[in-house]
Structures are given as structure tokens and as C-alpha cells.
Amino acid sequence: MNDPWGLETRTPGATLLVGCGKLGVRLGQRLQAQGAPVTAMRRHAGDLPFPTIEADLSQPLDRALPDFDSVVITLPPSTEGDSIYPPALRGLADALPAMPSRVVFVSSTRVFEGRPGETPLTERDTPAVSSERGGDLLEGEHLAMELFGARIVRPAGIYGPGRDFLIRRVLEGAPIDHTRRTNRIHETDLVRLLEAMLRADSAPPLIHAVDTEPVLLGDVAAHISGRLGVAVPPHVDPEVGGGTVLDGHLLREFLGELEYPTFRTGYDEMIAAR
């Protein structure tokens with residue numbers, strides 16, 4: 001089998017998970033189960049299954065860090081005030097004694113929010129933002145590439161166990177914009193992608209994490225309501241539509257078949273588990 005990416009060629013050594021929310025924890029558990037030493041870095045340690053460095057990354061780090069072979073950055077953009085990315089990424093670069101051999105920065109397809117339309121967007125298309133958070137994400141991408149030569153992963157809307165916002169909206173009968181274009185990725189496939197980005201000898205420099213079926217929000221809500229046996233949510237007034245269509249061919253070329261190729265697969269499983 002031709003493998004242009006060198007999948008499973010690289011073995012991650014000591015790995016630092018910066019931010020390390022739910023996504024980072026799942027990735028860390030996968031790596032740890034396969035023998036890779038894992039360390040988390042976040043504001044509060046909590047009850048994590050691996051060592052944690054407590055740090056407020058909006059402030060300069062007060063200690064030098066040990067060597068890490070790999071770093072995965074899953075910091076979300078700030079919800080208010082200045083962007084977290086300049087102090088966090090520059091502080092991280094200053095505190096690391098040597099450049100890690102692989103750095104992955106998790107961004108978001110939100111960097112295309114300023115390019116709504118029906119034309120599928122690929123990794124070759126230029127982002128356009130229309131919000132402060134989108135601008136922060138794009139700035140984070142540029143800094144991560146500049147400081148670390150990072151690979152960039154842009155997930156669409158993440159869903160899966162514990163990420164059931166739309167199911168709850170349907171059960172509440174809350175109005176939604178049925179005409180909005182949406183893209184999504186199941187958390188399981190996103191974790192698989194992040195691990196593959198660490199293990200591939202020639203991982204793509206930029207990749208969109210989206211499943212095989214961009215779809216109108218109303219179609220997703222109608223499917224969920226049918227499975228739950230409740231009314232389809234009403235339409236917001238006015239409906240403004242918008243949203244993007246994102247192409248996921250590169251993801252499938254790199255990762256292979258998704259475990260959750262469409263929203264139907266993922267939401268049906270989540271509803272059955274209720």
C-alpha cells in the first residue's frame with residue numbers, strides 16, 4: 001500500500017498537551033496507553049490521569065520546562081480581553097529548552113466565517129474572519145507556524161458524548177436557523193487525527209477536520225427530532241442562513257475512513273446511548 005504520509009513511522013516521545021481540555025485528555029490517554037510519556041499544561045490541574053503543570057498562560061511562565069519531543073496546543077481563543085495566543089505561544093517558546101520535533105496547533109474552521117457560500121473550501125483557500133475570536137485563531141495559527149513550525153488542524157463543530165448541545169436544543173424545542181450551512185467532526189475522529197499528526201513522518205502542514213457531509217442545520221435537527229420522536233424545532237425569524245461548505249478530502253486521504261463519516265452515524269449512537 002502506498003503511504004505518502006509515512007503513517008505510523010514516527011513514534012512520539014515525551015508529549016506536552018497545552019490547554020488539555022476534554023480533547024487533550026482523550027488524546028493523552030491514547031498516547032499514554034501506547035507507552036508515550038504525557039504531561040498536561042493548563043491553569044488548574046484537576047484530576048487528570050497524567051502529570052500536570054499548572055500555569056496561567058496569559059502570564060509569563062515562571063519556570064523552565066523540560067524537553068518535549070511533541071507538543072499539541074488545544075488552547076481555545078479568549079472569550080474576552082486580549083488574545084491568549086501571543087503570550088501563551090511566546091511564553092512556551094521561551095520556556096522550552098529546545099525546539100520540539102513535532103508541534104500541532106488546533107485552530108478552527110471558524111477562520112472561514114467571513115467566506116460564507118456554497119462553494120466547498122479546501123486547505124488551499126485563504127481564510128477570512130468576521131469576528132474577534134476568528135481573528136485570534138488566525139493569529140494563533142500564524143504565531144504557531146512562526147515560532148514552532150507547527151502543523152495546523154482546523155476542526156469544524158465538534159460533537160460526541162458530552163457534546164450534545166444540538167440534541168438538547170431539539171429537546172427544548174428552541175428555534176434554530178434551518179438554512180445555515182454547517183460542518184462537523186466527531187470527537188473520536190478528531191482525536192484519531194491528532195494522534196496521526198504526531199505519528200506520521202510527513203503529516204500535512206494544514207488539514208481540515210470535517211466529516212463527509214456538509215449539511216444544513218435544519219436537516220440535522222430534523223434527523224435528531226425524528227430519532228427522538230419530538231417535533232422538529234421551529235425556525236428562527238428571520239433566518240439569515242450563511243455558513244460554509246468545507247471539503248474534507250485531505251482528511252480522508254490522510255486518515256482513511258472515518259469512524260463517524262456523517263452526522264447520522266454519530267448522533268444515532270449518542271441518542272441510542274441516552
# chains A, B, ... in the order shown; residues from 1 in each chain; ligands from 1
>>> residues_around(residues="Asp164 (chain A)", least_positions_apart="5", cutoff="9 Å", atoms="only C-alpha atoms", output="ChimeraX atom specification")
/A:159,169,267,270
>>> select_by_dssp(residues="region 30-233 of chain A", states="alpha helix (DSSP H)", output="PyMOL selection string")
chain A and resi 30-33+85-95+132-148+165-172+187-199+217-228
>>> residues_around(residues="Pro120 (chain A)", least_positions_apart="6", cutoff="10 Å", atoms="only C-alpha atoms", output="VMD selection string")
chain A and resid 214 244 to 248
>>> select_by_dssp(residues="region 151-260 of chain A", states="strand (DSSP E)", output="PyMOL selection string")
chain A and resi 151-155+157-159+181-182+184-186+206-209+215-216+245-246
>>> residues_around(residues="Thr122 (chain A)", least_positions_apart="5", cutoff="12 Å", atoms="only C-alpha atoms", output="list in words")
Thr109, Phe112, Pro127, Arg154, Leu206, Ile207, His208, Ala209, Val210, Thr244, Val245, Leu246, Asp247, Gly248, His249, Leu250 and Leu251 of chain A
>>> write_last_selection(atoms="C-alpha atoms", output="short mmCIF file (atom, residue, chain, number, x, y, z; two decimals), in the first residue's frame")
data_model
loop_
_atom_site.label_atom_id
_atom_site.label_comp_id
_atom_site.auth_asym_id
_atom_site.auth_seq_id
_atom_site.Cartn_x
_atom_site.Cartn_y
_atom_site.Cartn_z
CA THR A 109 -12.76 26.22 10.63
CA PHE A 112 -13.55 30.91 7.19
CA PRO A 127 -9.25 32.32 5.38
CA ARG A 154 -8.85 23.12 11.84
CA LEU A 206 -2.57 22.15 7.37
CA ILE A 207 -5.66 19.96 7.48
CA HIS A 208 -9.41 20.48 7.90
CA ALA A 209 -11.11 18.11 10.35
CA VAL A 210 -14.56 17.75 8.78
CA THR A 244 -19.64 27.49 4.82
CA VAL A 245 -19.17 24.22 2.96
CA LEU A 246 -15.82 22.65 3.81
CA ASP A 247 -14.07 19.97 1.79
CA GLY A 248 -12.69 17.03 3.77
CA HIS A 249 -10.89 15.09 1.05
CA LEU A 250 -7.43 15.67 2.50
CA LEU A 251 -8.53 14.33 5.89
#
>>> decode(residues="region 137-149 of chain A", atoms="all heavy atoms", output="PDB file, in the first residue's frame")
ATOM      1  N   LEU A 137      -7.888  33.271  16.361  1.00  0.00           N
ATOM      2  CA  LEU A 137      -7.492  31.946  15.896  1.00  0.00           C
ATOM      3  C   LEU A 137      -6.488  32.043  14.748  1.00  0.00           C
ATOM      4  O   LEU A 137      -5.485  31.322  14.719  1.00  0.00           O
ATOM      5  CB  LEU A 137      -8.720  31.156  15.444  1.00  0.00           C
ATOM      6  CG  LEU A 137      -9.599  30.594  16.556  1.00  0.00           C
ATOM      7  CD1 LEU A 137     -10.990  30.255  16.025  1.00  0.00           C
ATOM      8  CD2 LEU A 137      -8.952  29.342  17.157  1.00  0.00           C
ATOM      9  N   LEU A 138      -6.754  32.933  13.812  1.00  0.00           N
ATOM     10  CA  LEU A 138      -5.855  33.082  12.676  1.00  0.00           C
ATOM     11  C   LEU A 138      -4.489  33.593  13.138  1.00  0.00           C
ATOM     12  O   LEU A 138      -3.447  33.132  12.654  1.00  0.00           O
ATOM     13  CB  LEU A 138      -6.473  34.033  11.649  1.00  0.00           C
ATOM     14  CG  LEU A 138      -5.918  33.973  10.230  1.00  0.00           C
ATOM     15  CD1 LEU A 138      -5.964  32.560   9.678  1.00  0.00           C
ATOM     16  CD2 LEU A 138      -6.692  34.924   9.319  1.00  0.00           C
ATOM     17  N   GLU A 139      -4.500  34.521  14.083  1.00  0.00           N
ATOM     18  CA  GLU A 139      -3.243  34.995  14.655  1.00  0.00           C
ATOM     19  C   GLU A 139      -2.501  33.854  15.341  1.00  0.00           C
ATOM     20  O   GLU A 139      -1.265  33.731  15.222  1.00  0.00           O
ATOM     21  CB  GLU A 139      -3.514  36.114  15.655  1.00  0.00           C
ATOM     22  CG  GLU A 139      -2.254  36.663  16.326  1.00  0.00           C
ATOM     23  CD  GLU A 139      -2.565  37.693  17.405  1.00  0.00           C
ATOM     24  OE1 GLU A 139      -3.553  37.502  18.143  1.00  0.00           O
ATOM     25  OE2 GLU A 139      -1.815  38.676  17.496  1.00  0.00           O
ATOM     26  N   GLY A 140      -3.241  33.004  16.061  1.00  0.00           N
ATOM     27  CA  GLY A 140      -2.617  31.861  16.712  1.00  0.00           C
ATOM     28  C   GLY A 140      -1.970  30.915  15.716  1.00  0.00           C
ATOM     29  O   GLY A 140      -0.858  30.416  15.944  1.00  0.00           O
ATOM     30  N   GLU A 141      -2.650  30.655  14.595  1.00  0.00           N
ATOM     31  CA  GLU A 141      -2.058  29.808  13.557  1.00  0.00           C
ATOM     32  C   GLU A 141      -0.728  30.379  13.082  1.00  0.00           C
ATOM     33  O   GLU A 141       0.280  29.667  12.976  1.00  0.00           O
ATOM     34  CB  GLU A 141      -3.011  29.695  12.366  1.00  0.00           C
ATOM     35  CG  GLU A 141      -4.263  28.895  12.607  1.00  0.00           C
ATOM     36  CD  GLU A 141      -5.097  28.728  11.346  1.00  0.00           C
ATOM     37  OE1 GLU A 141      -4.636  29.118  10.238  1.00  0.00           O
ATOM     38  OE2 GLU A 141      -6.215  28.210  11.472  1.00  0.00           O
ATOM     39  N   HIS A 142      -0.734  31.671  12.752  1.00  0.00           N
ATOM     40  CA  HIS A 142       0.472  32.293  12.214  1.00  0.00           C
ATOM     41  C   HIS A 142       1.619  32.256  13.217  1.00  0.00           C
ATOM     42  O   HIS A 142       2.771  31.973  12.858  1.00  0.00           O
ATOM     43  CB  HIS A 142       0.171  33.736  11.801  1.00  0.00           C
ATOM     44  CG  HIS A 142      -0.745  33.833  10.625  1.00  0.00           C
ATOM     45  ND1 HIS A 142      -1.525  34.945  10.356  1.00  0.00           N
ATOM     46  CD2 HIS A 142      -1.030  32.951   9.631  1.00  0.00           C
ATOM     47  CE1 HIS A 142      -2.241  34.744   9.268  1.00  0.00           C
ATOM     48  NE2 HIS A 142      -1.955  33.536   8.810  1.00  0.00           N
ATOM     49  N   LEU A 143       1.313  32.545  14.490  1.00  0.00           N
ATOM     50  CA  LEU A 143       2.350  32.519  15.520  1.00  0.00           C
ATOM     51  C   LEU A 143       2.892  31.112  15.738  1.00  0.00           C
ATOM     52  O   LEU A 143       4.099  30.909  15.910  1.00  0.00           O
ATOM     53  CB  LEU A 143       1.794  33.054  16.836  1.00  0.00           C
ATOM     54  CG  LEU A 143       1.925  34.555  17.095  1.00  0.00           C
ATOM     55  CD1 LEU A 143       1.178  34.926  18.377  1.00  0.00           C
ATOM     56  CD2 LEU A 143       3.382  34.976  17.183  1.00  0.00           C
ATOM     57  N   ALA A 144       1.995  30.120  15.756  1.00  0.00           N
ATOM     58  CA  ALA A 144       2.425  28.739  15.964  1.00  0.00           C
ATOM     59  C   ALA A 144       3.339  28.272  14.837  1.00  0.00           C
ATOM     60  O   ALA A 144       4.328  27.566  15.068  1.00  0.00           O
ATOM     61  CB  ALA A 144       1.218  27.820  16.094  1.00  0.00           C
ATOM     62  N   MET A 145       3.032  28.676  13.623  1.00  0.00           N
ATOM     63  CA  MET A 145       3.903  28.321  12.498  1.00  0.00           C
ATOM     64  C   MET A 145       5.234  29.064  12.579  1.00  0.00           C
ATOM     65  O   MET A 145       6.300  28.501  12.333  1.00  0.00           O
ATOM     66  CB  MET A 145       3.189  28.599  11.178  1.00  0.00           C
ATOM     67  CG  MET A 145       2.054  27.637  10.876  1.00  0.00           C
ATOM     68  SD  MET A 145       1.324  27.856   9.233  1.00  0.00           S
ATOM     69  CE  MET A 145       0.367  29.351   9.470  1.00  0.00           C
ATOM     70  N   GLU A 146       5.162  30.343  12.947  1.00  0.00           N
ATOM     71  CA  GLU A 146       6.380  31.156  13.016  1.00  0.00           C
ATOM     72  C   GLU A 146       7.317  30.671  14.119  1.00  0.00           C
ATOM     73  O   GLU A 146       8.540  30.577  13.926  1.00  0.00           O
ATOM     74  CB  GLU A 146       5.992  32.616  13.273  1.00  0.00           C
ATOM     75  CG  GLU A 146       7.157  33.566  13.506  1.00  0.00           C
ATOM     76  CD  GLU A 146       6.682  34.941  13.952  1.00  0.00           C
ATOM     77  OE1 GLU A 146       5.596  35.373  13.505  1.00  0.00           O
ATOM     78  OE2 GLU A 146       7.392  35.569  14.757  1.00  0.00           O
ATOM     79  N   LEU A 147       6.775  30.379  15.293  1.00  0.00           N
ATOM     80  CA  LEU A 147       7.604  30.041  16.451  1.00  0.00           C
ATOM     81  C   LEU A 147       8.019  28.576  16.486  1.00  0.00           C
ATOM     82  O   LEU A 147       9.101  28.249  16.986  1.00  0.00           O
ATOM     83  CB  LEU A 147       6.849  30.369  17.741  1.00  0.00           C
ATOM     84  CG  LEU A 147       6.563  31.846  18.009  1.00  0.00           C
ATOM     85  CD1 LEU A 147       5.597  31.997  19.180  1.00  0.00           C
ATOM     86  CD2 LEU A 147       7.861  32.608  18.285  1.00  0.00           C
ATOM     87  N   PHE A 148       7.154  27.681  15.991  1.00  0.00           N
ATOM     88  CA  PHE A 148       7.385  26.246  16.155  1.00  0.00           C
ATOM     89  C   PHE A 148       7.376  25.453  14.849  1.00  0.00           C
ATOM     90  O   PHE A 148       7.575  24.244  14.888  1.00  0.00           O
ATOM     91  CB  PHE A 148       6.311  25.648  17.076  1.00  0.00           C
ATOM     92  CG  PHE A 148       6.257  26.240  18.446  1.00  0.00           C
ATOM     93  CD1 PHE A 148       5.245  27.130  18.792  1.00  0.00           C
ATOM     94  CD2 PHE A 148       7.211  25.919  19.397  1.00  0.00           C
ATOM     95  CE1 PHE A 148       5.185  27.677  20.059  1.00  0.00           C
ATOM     96  CE2 PHE A 148       7.158  26.459  20.667  1.00  0.00           C
ATOM     97  CZ  PHE A 148       6.145  27.343  21.002  1.00  0.00           C
ATOM     98  N   GLY A 149       7.072  26.101  13.725  1.00  0.00           N
ATOM     99  CA  GLY A 149       6.854  25.326  12.505  1.00  0.00           C
ATOM    100  C   GLY A 149       5.698  24.370  12.657  1.00  0.00           C
ATOM    101  O   GLY A 149       5.705  23.245  12.138  1.00  0.00           O
TER     102      GLY A 149
END
